[in-house]
Amino acid sequence: MLIESLPQLFEGLKITLGLTILSLLLGSVLGILMAVGRVYGKKPLVFFIYIYEKTLRGIPLLVIFFLIYFGLSQIGINFDPFTAAVLGLGLRSTAYQAQIYRSAINSIPTGQMIAARSMGMSKLKAIRYIILPQVLRLSIPGWSNELTIVLKDTSIAFSIGVIDLMRQGRYIYSVNHELVLQVLLIIALIYFALVFSINKGLNYLEKKYKMTGFEIEIER
Amino acid sequence: MNMLKVENIHKIYGKTKVLAGVSFTMEKGETKVIIGPSGTGKSTLLRCINQLSPPDKGRVWLEGIEVTDKKTDINLIRQKIGFVFQEFNLFNHLTAVKNVSIALEKVKKMEKEEAHKEAMNELKRVGLKDQADQYPSQLSGGQKQRVGIARALAMNPVIILFDEPTSALDPELIGDVLEVMKSLAGEISMLVVTHEMGFARNVADEIIFMEHGVIAECGNPDKMFKNPEKKRTKEFLGKISSLYGEE
Ligand SMILES: Nc1ncnc2c1ncn2[C@@H]1O[C@H](COP(=O)(O)OP(=O)(O)O)[C@@H](O)[C@H]1O
Ligand SMILES: [Mg+2]
């Protein structure tokens, strides 16, 4: 019985992974933009981003999910559960990732921006070619931590009806009551194994890209 | 038409008047050295010239184009004004040769290969051919600064501004950098803030002594070292020479 239900769990796992990847991607893209905006942008933009970060970090994920899925539908904006979950996870991750990238930007000696500008690079080019490549490398530890948080938090998406690993598990044990403990343990094991191997993998990546020449020096 | 004309530059930070009316001109191929006590506004003056810190008042022209004009494309002008920093400010994630070629590729829109070739030429010029593939953290201070000079040279500027290029270096590494700078004298205009009196005396066409945000006195090295008009100039030069030696 347990063996028979594994394919079903596997279907759920695919949704869980899809949810993780898409929300993380959304959070990375918006997070980088917000970090850059907050460090280099003009006052009103900086203020807006500040408010965004504080707000999204101050609301429980479940409330964000419900706001997007049920709340917005009341004013005529309807998402399917999966999209709503990606938005919820992604927009919240944006707030956390923005902070990761921002502290990375701030750790790069200001002289590098000045040097780039003094050669006639526009601010955007300097950000693109000088600042961001360093920021991304510096952000790997924070980003891998965020990845595991997002992965784990996808499990909350079942509350708005996403058929992820968690919900597939529930389908299984609601028909086979004697399997509750086993199924939940398997789910826990799957999450754990994923988080564990992701951390290992990214640790390796971090070491690899901490290539010669990227030990950050104190220049001032 | 002067190659560089700096006219009545004023700069105020908060309540401190850092520059209070600085004017001078430079011609093609000239080397001028700016000396003066710390906090006098020497760095600020250099940053006013390439508009890293635009002056509050006064104007700057480069080859007849007004740099301080808001309508001037400053990114275009800055390509003609090299800048060498006390703290090198190399890009940590790029190898020496990439440090030199990146602006050629991204600003001057050169092909990758051409930019690389050009960058290698400049590295050769500063004696760092063998270090091309090393990252800044693998280079000594003197080598870093020579990469900084190569990076400025690669843009083919009409003038290079040096802000205390040897002040962050261990004494034994200063010589190499000064050698490179000497080799450039006459080929390219240089405006150099430095305490290296040997360089000032032997290489400069003119020495500008700044104090309290103005030019206190200027003249050729002979006059400045032997018969300065102002007592203050003599005092300062004496003090610096005994501190840093005369080569
Ligand atoms: N960005 C800045 N903001 C505020 N004050 C500054 C800034 N840059 C320089 N100053 C002040 O201007 C004065 C002159 O500085 P600087 O040009 O660096 O002098 P120097 O290079 O001759 O030592 C100093 O008192 C310094 O504190
Ligand atoms: Mg200075």
# chains A, B, ... in the order shown; residues from 1 in each chain; ligands from 1
>>> residues_near_ligand(ligand="ligand 1", cutoff="8 Å", atoms="only C-alpha atoms and all ligand atoms", output="list in words")
Ile12, Tyr13, Gly14, Thr16, Lys17, Val18, Leu19, Gly36, Pro37, Ser38, Gly39, Thr40, Gly41, Lys42, Ser43, Thr44, Leu45, Ser53, Asp163 and Gly213 of chain B
>>> residues_around(residues="range 95-98 of chain B", least_positions_apart="5", cutoff="6 Å", atoms="only C-alpha atoms", output="PyMOL selection string")
chain B and resi 119+132-135
>>> residues_around(residues="Val180 in chain B", least_positions_apart="4", cutoff="9 Å", atoms="only C-alpha atoms", output="ChimeraX atom specification")
/B:125-127,146,149,175-176,184
>>> interface_residues(of="chain B", to="chain A", cutoff="8 Å", atoms="only C-alpha atoms", output="PDB file with C-alpha atoms, in the first residue's frame")
ATOM      1  CA  ASN B  50      36.363  64.686 -14.011  1.00  0.00           C
ATOM      2  CA  LEU B  52      33.131  62.711  -9.791  1.00  0.00           C
ATOM      3  CA  ILE B  74      30.247  63.261 -19.083  1.00  0.00           C
ATOM      4  CA  ASN B  75      30.725  59.557 -19.829  1.00  0.00           C
ATOM      5  CA  LEU B  76      32.346  60.556 -23.094  1.00  0.00           C
ATOM      6  CA  ILE B  77      34.623  63.110 -21.428  1.00  0.00           C
ATOM      7  CA  ARG B  78      35.654  60.713 -18.675  1.00  0.00           C
ATOM      8  CA  GLN B  79      37.064  58.323 -21.269  1.00  0.00           C
ATOM      9  CA  ILE B  81      40.535  61.609 -18.390  1.00  0.00           C
ATOM     10  CA  GLY B  82      42.337  58.697 -16.792  1.00  0.00           C
ATOM     11  CA  PHE B  83      42.222  58.427 -13.017  1.00  0.00           C
ATOM     12  CA  GLU B  87      43.784  52.689  -3.104  1.00  0.00           C
ATOM     13  CA  ASN B  89      40.360  50.365  -6.794  1.00  0.00           C
ATOM     14  CA  LEU B  90      40.915  47.365  -9.010  1.00  0.00           C
ATOM     15  CA  PHE B  91      37.937  45.158  -9.784  1.00  0.00           C
ATOM     16  CA  ASN B  92      38.379  42.191  -7.477  1.00  0.00           C
ATOM     17  CA  HIS B  93      36.534  39.678  -9.597  1.00  0.00           C
ATOM     18  CA  LEU B  94      38.577  40.305 -12.733  1.00  0.00           C
ATOM     19  CA  THR B  95      42.096  39.282 -13.697  1.00  0.00           C
ATOM     20  CA  ALA B 103      36.069  49.335 -20.211  1.00  0.00           C
ATOM     21  CA  LYS B 106      31.891  47.766 -22.451  1.00  0.00           C
ATOM     22  CA  VAL B 107      32.521  51.473 -22.934  1.00  0.00           C
ATOM     23  CA  GLN B 134      46.330  36.985 -11.898  1.00  0.00           C
ATOM     24  CA  TYR B 135      43.605  38.417  -9.746  1.00  0.00           C
ATOM     25  CA  PRO B 136      44.150  41.597  -7.757  1.00  0.00           C
ATOM     26  CA  SER B 137      44.481  39.676  -4.491  1.00  0.00           C
ATOM     27  CA  GLN B 138      47.437  37.811  -5.969  1.00  0.00           C
ATOM     28  CA  ALA B 152      43.852  54.254 -17.305  1.00  0.00           C
ATOM     29  CA  MET B 155      41.392  54.211 -22.671  1.00  0.00           C
TER      30      MET B 155
END
>>> closest_atom_pairs(of="range 149-208 of chain A", to="range 79-92 of chain A", cutoff="12 Å", atoms="only C-alpha atoms", output="CSV")
residue,atom,partner,partner_atom,distance
A:Ile149,CA,A:Leu89,CA,10.0
A:Val150,CA,A:Leu89,CA,6.9
A:Leu151,CA,A:Leu89,CA,9.6
A:Lys152,CA,A:Leu89,CA,10.7
A:Asp153,CA,A:Leu89,CA,7.8
A:Thr154,CA,A:Leu89,CA,7.5
A:Ser155,CA,A:Ala85,CA,10.1
A:Ile156,CA,A:Ala85,CA,8.9
A:Ala157,CA,A:Ala85,CA,5.8
A:Phe158,CA,A:Pro81,CA,8.8
A:Ser159,CA,A:Pro81,CA,9.4
A:Ile160,CA,A:Pro81,CA,6.0
A:Gly161,CA,A:Pro81,CA,5.9
A:Val162,CA,A:Pro81,CA,5.4
A:Ile163,CA,A:Phe82,CA,8.3
A:Asp164,CA,A:Phe82,CA,9.2
>>> write_last_selection(atoms="all heavy atoms", output="mmCIF file, in the first residue's frame")
data_model
loop_
_atom_site.group_PDB
_atom_site.id
_atom_site.type_symbol
_atom_site.label_atom_id
_atom_site.label_comp_id
_atom_site.auth_asym_id
_atom_site.auth_seq_id
_atom_site.Cartn_x
_atom_site.Cartn_y
_atom_site.Cartn_z
ATOM 1 N N ILE A 149 14.603 27.655 2.761
ATOM 2 C CA ILE A 149 13.415 28.205 3.424
ATOM 3 C C ILE A 149 12.216 28.165 2.480
ATOM 4 O O ILE A 149 11.122 27.733 2.850
ATOM 5 C CB ILE A 149 13.689 29.653 3.896
ATOM 6 C CG1 ILE A 149 14.674 29.639 5.068
ATOM 7 C CG2 ILE A 149 12.381 30.331 4.304
ATOM 8 C CD1 ILE A 149 15.147 31.006 5.502
ATOM 9 N N VAL A 150 12.434 28.587 1.243
ATOM 10 C CA VAL A 150 11.337 28.589 0.273
ATOM 11 C C VAL A 150 10.852 27.157 0.032
ATOM 12 O O VAL A 150 9.657 26.878 0.042
ATOM 13 C CB VAL A 150 11.774 29.238 -1.061
ATOM 14 C CG1 VAL A 150 10.716 29.023 -2.142
ATOM 15 C CG2 VAL A 150 12.001 30.730 -0.868
ATOM 16 N N LEU A 151 11.807 26.248 -0.132
ATOM 17 C CA LEU A 151 11.439 24.850 -0.360
ATOM 18 C C LEU A 151 10.539 24.338 0.763
ATOM 19 O O LEU A 151 9.491 23.748 0.533
ATOM 20 C CB LEU A 151 12.705 23.995 -0.476
ATOM 21 C CG LEU A 151 12.492 22.481 -0.488
ATOM 22 C CD1 LEU A 151 11.705 22.072 -1.727
ATOM 23 C CD2 LEU A 151 13.810 21.737 -0.454
ATOM 24 N N LYS A 152 10.931 24.600 1.970
ATOM 25 C CA LYS A 152 10.147 24.104 3.108
ATOM 26 C C LYS A 152 8.784 24.785 3.183
ATOM 27 O O LYS A 152 7.777 24.167 3.498
ATOM 28 C CB LYS A 152 10.933 24.295 4.409
ATOM 29 C CG LYS A 152 12.073 23.288 4.554
ATOM 30 C CD LYS A 152 12.824 23.434 5.860
ATOM 31 C CE LYS A 152 13.758 24.619 5.819
ATOM 32 N NZ LYS A 152 14.548 24.768 7.055
ATOM 33 N N ASP A 153 8.794 26.087 2.864
ATOM 34 C CA ASP A 153 7.543 26.839 2.996
ATOM 35 C C ASP A 153 6.542 26.557 1.882
ATOM 36 O O ASP A 153 5.375 26.934 1.990
ATOM 37 C CB ASP A 153 7.833 28.346 3.072
ATOM 38 C CG ASP A 153 8.319 28.748 4.454
ATOM 39 O OD1 ASP A 153 8.325 27.863 5.347
ATOM 40 O OD2 ASP A 153 8.690 29.914 4.650
ATOM 41 N N THR A 154 6.997 25.875 0.821
ATOM 42 C CA THR A 154 6.005 25.512 -0.205
ATOM 43 C C THR A 154 4.934 24.620 0.408
ATOM 44 O O THR A 154 3.815 24.566 -0.080
ATOM 45 C CB THR A 154 6.647 24.729 -1.372
ATOM 46 O OG1 THR A 154 7.343 23.610 -0.831
ATOM 47 C CG2 THR A 154 7.580 25.595 -2.190
ATOM 48 N N SER A 155 5.284 23.936 1.488
ATOM 49 C CA SER A 155 4.316 23.019 2.099
ATOM 50 C C SER A 155 3.070 23.750 2.594
ATOM 51 O O SER A 155 2.011 23.156 2.722
ATOM 52 C CB SER A 155 4.972 22.254 3.247
ATOM 53 O OG SER A 155 5.393 23.163 4.234
ATOM 54 N N ILE A 156 3.204 25.037 2.837
ATOM 55 C CA ILE A 156 2.038 25.806 3.312
ATOM 56 C C ILE A 156 1.058 26.070 2.168
ATOM 57 O O ILE A 156 -0.109 26.372 2.389
ATOM 58 C CB ILE A 156 2.511 27.133 3.954
ATOM 59 C CG1 ILE A 156 3.437 26.815 5.137
ATOM 60 C CG2 ILE A 156 1.327 27.954 4.462
ATOM 61 C CD1 ILE A 156 4.061 28.035 5.773
ATOM 62 N N ALA A 157 1.545 25.921 0.930
ATOM 63 C CA ALA A 157 0.687 26.201 -0.227
ATOM 64 C C ALA A 157 -0.499 25.249 -0.306
ATOM 65 O O ALA A 157 -1.490 25.531 -0.980
ATOM 66 C CB ALA A 157 1.499 26.141 -1.514
ATOM 67 N N PHE A 158 -0.402 24.140 0.396
ATOM 68 C CA PHE A 158 -1.536 23.212 0.317
ATOM 69 C C PHE A 158 -2.792 23.848 0.922
ATOM 70 O O PHE A 158 -3.904 23.496 0.595
ATOM 71 C CB PHE A 158 -1.159 21.862 0.935
ATOM 72 C CG PHE A 158 -1.622 21.617 2.341
ATOM 73 C CD1 PHE A 158 -2.488 20.576 2.640
ATOM 74 C CD2 PHE A 158 -1.179 22.439 3.373
ATOM 75 C CE1 PHE A 158 -2.903 20.351 3.953
ATOM 76 C CE2 PHE A 158 -1.593 22.222 4.667
ATOM 77 C CZ PHE A 158 -2.458 21.174 4.966
ATOM 78 N N SER A 159 -2.572 24.870 1.758
ATOM 79 C CA SER A 159 -3.713 25.537 2.390
ATOM 80 C C SER A 159 -4.600 26.281 1.391
ATOM 81 O O SER A 159 -5.758 26.559 1.672
ATOM 82 C CB SER A 159 -3.201 26.532 3.434
ATOM 83 O OG SER A 159 -2.415 27.505 2.786
ATOM 84 N N ILE A 160 -4.055 26.638 0.232
ATOM 85 C CA ILE A 160 -4.919 27.269 -0.770
ATOM 86 C C ILE A 160 -5.192 26.299 -1.931
ATOM 87 O O ILE A 160 -5.607 26.711 -3.008
ATOM 88 C CB ILE A 160 -4.342 28.612 -1.309
ATOM 89 C CG1 ILE A 160 -2.911 28.447 -1.804
ATOM 90 C CG2 ILE A 160 -4.441 29.703 -0.254
ATOM 91 C CD1 ILE A 160 -2.356 29.682 -2.521
ATOM 92 N N GLY A 161 -4.928 25.023 -1.680
ATOM 93 C CA GLY A 161 -5.355 24.028 -2.645
ATOM 94 C C GLY A 161 -4.341 23.623 -3.692
ATOM 95 O O GLY A 161 -4.679 23.007 -4.692
ATOM 96 N N VAL A 162 -3.081 23.967 -3.469
ATOM 97 C CA VAL A 162 -2.059 23.479 -4.394
ATOM 98 C C VAL A 162 -1.819 22.003 -4.095
ATOM 99 O O VAL A 162 -1.717 21.602 -2.931
ATOM 100 C CB VAL A 162 -0.746 24.269 -4.233
ATOM 101 C CG1 VAL A 162 0.331 23.679 -5.134
ATOM 102 C CG2 VAL A 162 -0.962 25.731 -4.548
ATOM 103 N N ILE A 163 -1.753 21.195 -5.135
ATOM 104 C CA ILE A 163 -1.602 19.760 -4.905
ATOM 105 C C ILE A 163 -0.126 19.404 -4.905
ATOM 106 O O ILE A 163 0.413 18.850 -5.857
ATOM 107 C CB ILE A 163 -2.398 18.963 -5.957
ATOM 108 C CG1 ILE A 163 -3.846 19.460 -5.919
ATOM 109 C CG2 ILE A 163 -2.365 17.471 -5.639
ATOM 110 C CD1 ILE A 163 -4.700 18.931 -7.027
ATOM 111 N N ASP A 164 0.544 19.786 -3.860
ATOM 112 C CA ASP A 164 1.986 19.573 -3.736
ATOM 113 C C ASP A 164 2.242 18.279 -2.969
ATOM 114 O O ASP A 164 1.326 17.497 -2.714
ATOM 115 C CB ASP A 164 2.626 20.770 -3.024
ATOM 116 C CG ASP A 164 2.195 20.840 -1.570
ATOM 117 O OD1 ASP A 164 1.074 20.365 -1.267
ATOM 118 O OD2 ASP A 164 2.969 21.346 -0.737
#
>>> atom_distance(atom1="CA of Gly58 in chain B", atom2="CA of His10 in chain B")
6.2 Å
>>> residues_around(residues="Leu202 in chain A", least_positions_apart="5", cutoff="9 Å", atoms="only C-alpha atoms", output="JSON, numbers by chain")
{"A": [140, 141, 144, 197, 207]}
>>> write_last_selection(atoms="N, CA, C and O atoms", output="tab-separated table (two decimals), in the first residue's frame")
chain	number	residue	atom	x	y	z
A	140	ILE	N	25.91	33.72	-2.53
A	140	ILE	CA	25.58	32.29	-2.58
A	140	ILE	C	25.18	31.71	-1.21
A	140	ILE	O	24.16	31.03	-1.12
A	141	PRO	N	25.90	32.01	-0.13
A	141	PRO	CA	25.48	31.43	1.16
A	141	PRO	C	24.07	31.90	1.56
A	141	PRO	O	23.24	31.07	1.94
A	144	SER	N	21.45	30.27	-0.71
A	144	SER	CA	21.17	28.85	-0.50
A	144	SER	C	20.33	28.66	0.75
A	144	SER	O	19.47	27.79	0.81
A	197	SER	N	20.78	17.87	0.53
A	197	SER	CA	21.62	17.78	-0.67
A	197	SER	C	21.78	19.15	-1.34
A	197	SER	O	22.82	19.44	-1.92
A	207	LYS	N	32.41	27.17	-2.70
A	207	LYS	CA	33.86	26.97	-2.64
A	207	LYS	C	34.47	27.18	-4.02
A	207	LYS	O	35.50	27.81	-4.17
>>> atom_distance(atom1="CA of Leu138 in chain A", atom2="CA of Val195 in chain A")
20.6 Å
>>> residues_around(residues="range 171-177 of chain A", least_positions_apart="2", cutoff="9 Å", atoms="only C-alpha atoms", output="mmCIF file with all heavy atoms, in the first residue's frame")
data_model
loop_
_atom_site.group_PDB
_atom_site.id
_atom_site.type_symbol
_atom_site.label_atom_id
_atom_site.label_comp_id
_atom_site.auth_asym_id
_atom_site.auth_seq_id
_atom_site.Cartn_x
_atom_site.Cartn_y
_atom_site.Cartn_z
ATOM 1 N N MET A 1 0.827 -1.209 0.000
ATOM 2 C CA MET A 1 0.000 0.000 0.000
ATOM 3 C C MET A 1 0.864 1.263 0.000
ATOM 4 O O MET A 1 0.656 2.194 -0.763
ATOM 5 C CB MET A 1 -0.900 -0.017 1.264
ATOM 6 C CG MET A 1 -2.078 0.938 1.177
ATOM 7 S SD MET A 1 -3.124 0.585 -0.261
ATOM 8 C CE MET A 1 -3.175 2.177 -1.006
ATOM 9 N N LEU A 2 1.842 1.202 0.868
ATOM 10 C CA LEU A 2 2.750 2.347 0.963
ATOM 11 C C LEU A 2 3.519 2.512 -0.347
ATOM 12 O O LEU A 2 3.670 3.615 -0.863
ATOM 13 C CB LEU A 2 3.723 2.120 2.124
ATOM 14 C CG LEU A 2 4.378 3.358 2.723
ATOM 15 C CD1 LEU A 2 3.336 4.358 3.176
ATOM 16 C CD2 LEU A 2 5.291 2.965 3.865
ATOM 17 N N SER A 5 1.615 4.014 -3.146
ATOM 18 C CA SER A 5 1.317 5.447 -3.065
ATOM 19 C C SER A 5 2.525 6.320 -3.428
ATOM 20 O O SER A 5 2.419 7.521 -3.569
ATOM 21 C CB SER A 5 0.821 5.812 -1.666
ATOM 22 O OG SER A 5 1.808 5.478 -0.728
ATOM 23 N N GLN A 8 2.294 8.642 -6.394
ATOM 24 C CA GLN A 8 1.432 9.793 -6.095
ATOM 25 C C GLN A 8 2.228 10.877 -5.363
ATOM 26 O O GLN A 8 2.114 12.057 -5.659
ATOM 27 C CB GLN A 8 0.276 9.314 -5.238
ATOM 28 C CG GLN A 8 -0.961 10.176 -5.362
ATOM 29 C CD GLN A 8 -2.100 9.642 -4.491
ATOM 30 O OE1 GLN A 8 -2.173 8.444 -4.197
ATOM 31 N NE2 GLN A 8 -2.978 10.531 -4.085
ATOM 32 N N LEU A 9 3.039 10.435 -4.434
ATOM 33 C CA LEU A 9 3.901 11.392 -3.727
ATOM 34 C C LEU A 9 4.866 12.059 -4.707
ATOM 35 O O LEU A 9 5.163 13.248 -4.612
ATOM 36 C CB LEU A 9 4.700 10.689 -2.626
ATOM 37 C CG LEU A 9 3.945 10.333 -1.346
ATOM 38 C CD1 LEU A 9 4.902 9.710 -0.336
ATOM 39 C CD2 LEU A 9 3.275 11.560 -0.742
ATOM 40 N N MET A 166 2.797 17.781 0.106
ATOM 41 C CA MET A 166 2.035 17.755 1.351
ATOM 42 C C MET A 166 0.589 17.292 1.112
ATOM 43 O O MET A 166 0.061 16.435 1.821
ATOM 44 C CB MET A 166 2.058 19.187 1.880
ATOM 45 C CG MET A 166 1.893 19.370 3.344
ATOM 46 S SD MET A 166 2.956 18.329 4.301
ATOM 47 C CE MET A 166 1.986 18.407 5.796
ATOM 48 N N ARG A 167 -0.022 17.857 0.093
ATOM 49 C CA ARG A 167 -1.431 17.530 -0.140
ATOM 50 C C ARG A 167 -1.595 16.109 -0.698
ATOM 51 O O ARG A 167 -2.541 15.407 -0.333
ATOM 52 C CB ARG A 167 -2.081 18.547 -1.082
ATOM 53 C CG ARG A 167 -3.567 18.251 -1.321
ATOM 54 C CD ARG A 167 -4.323 19.418 -1.859
ATOM 55 N NE ARG A 167 -4.617 20.419 -0.843
ATOM 56 C CZ ARG A 167 -5.821 20.600 -0.306
ATOM 57 N NH1 ARG A 167 -6.835 19.848 -0.663
ATOM 58 N NH2 ARG A 167 -6.002 21.527 0.587
ATOM 59 N N GLN A 168 -0.665 15.706 -1.542
ATOM 60 C CA GLN A 168 -0.716 14.324 -2.039
ATOM 61 C C GLN A 168 -0.636 13.362 -0.867
ATOM 62 O O GLN A 168 -1.343 12.355 -0.814
ATOM 63 C CB GLN A 168 0.426 14.055 -3.027
ATOM 64 C CG GLN A 168 0.303 14.757 -4.360
ATOM 65 C CD GLN A 168 -0.764 14.171 -5.264
ATOM 66 O OE1 GLN A 168 -1.611 13.376 -4.839
ATOM 67 N NE2 GLN A 168 -0.755 14.589 -6.533
ATOM 68 N N GLY A 169 0.215 13.693 0.070
ATOM 69 C CA GLY A 169 0.342 12.857 1.265
ATOM 70 C C GLY A 169 -0.995 12.776 1.991
ATOM 71 O O GLY A 169 -1.431 11.714 2.421
ATOM 72 N N LEU A 179 -1.916 4.704 7.620
ATOM 73 C CA LEU A 179 -0.605 5.120 7.079
ATOM 74 C C LEU A 179 -0.176 6.540 7.470
ATOM 75 O O LEU A 179 0.860 7.015 7.032
ATOM 76 C CB LEU A 179 -0.616 5.031 5.549
ATOM 77 C CG LEU A 179 -0.682 3.627 4.943
ATOM 78 C CD1 LEU A 179 -0.682 3.708 3.428
ATOM 79 C CD2 LEU A 179 0.485 2.783 5.420
ATOM 80 N N VAL A 180 -0.974 7.214 8.293
ATOM 81 C CA VAL A 180 -0.686 8.623 8.604
ATOM 82 C C VAL A 180 0.775 8.843 8.974
ATOM 83 O O VAL A 180 1.483 9.643 8.357
ATOM 84 C CB VAL A 180 -1.580 9.144 9.750
ATOM 85 C CG1 VAL A 180 -1.209 10.580 10.105
ATOM 86 C CG2 VAL A 180 -3.041 9.060 9.370
ATOM 87 N N LEU A 181 1.191 8.081 9.978
ATOM 88 C CA LEU A 181 2.553 8.310 10.466
ATOM 89 C C LEU A 181 3.604 8.007 9.394
ATOM 90 O O LEU A 181 4.509 8.811 9.149
ATOM 91 C CB LEU A 181 2.803 7.465 11.712
ATOM 92 C CG LEU A 181 4.175 7.671 12.357
ATOM 93 C CD1 LEU A 181 4.344 9.112 12.833
ATOM 94 C CD2 LEU A 181 4.391 6.700 13.512
ATOM 95 N N GLN A 182 3.437 6.851 8.727
ATOM 96 C CA GLN A 182 4.422 6.465 7.719
ATOM 97 C C GLN A 182 4.514 7.509 6.610
ATOM 98 O O GLN A 182 5.602 7.941 6.234
ATOM 99 C CB GLN A 182 4.068 5.116 7.082
ATOM 100 C CG GLN A 182 4.359 3.918 7.950
ATOM 101 C CD GLN A 182 3.086 3.466 8.654
ATOM 102 O OE1 GLN A 182 2.316 4.309 9.144
ATOM 103 N NE2 GLN A 182 2.866 2.156 8.704
ATOM 104 N N VAL A 183 3.354 7.916 6.098
ATOM 105 C CA VAL A 183 3.355 8.859 4.980
ATOM 106 C C VAL A 183 4.002 10.188 5.393
ATOM 107 O O VAL A 183 4.851 10.740 4.693
ATOM 108 C CB VAL A 183 1.918 9.098 4.455
ATOM 109 C CG1 VAL A 183 1.899 10.268 3.486
ATOM 110 C CG2 VAL A 183 1.394 7.848 3.783
ATOM 111 N N LEU A 184 3.600 10.666 6.566
ATOM 112 C CA LEU A 184 4.187 11.942 7.010
ATOM 113 C C LEU A 184 5.693 11.829 7.218
ATOM 114 O O LEU A 184 6.448 12.753 6.928
ATOM 115 C CB LEU A 184 3.491 12.432 8.277
ATOM 116 C CG LEU A 184 2.109 13.049 8.027
ATOM 117 C CD1 LEU A 184 1.405 13.385 9.330
ATOM 118 C CD2 LEU A 184 2.215 14.303 7.157
#
>>> residues_around(residues="range 198-208 of chain B", least_positions_apart="4", cutoff="6 Å", atoms="only C-alpha atoms", output="PyMOL selection string")
chain B and resi 31-34+218-221+246-247
>>> closest_residue(among="B:Glu164, B:Glu27, B:Glu7, B:Asp56", to="ligand 2", atoms="only C-alpha atoms and all ligand atoms")
B:Glu164
>>> atom_distance(atom1="CA of Asn2 in chain B", atom2="CA of Glu63 in chain B")
6.7 Å
>>> select_by_dssp(residues="range 75-148 of chain B", states="alpha helix (DSSP H)", output="number ranges by chain")
B: 75-78, 96-106, 112-125, 141-148
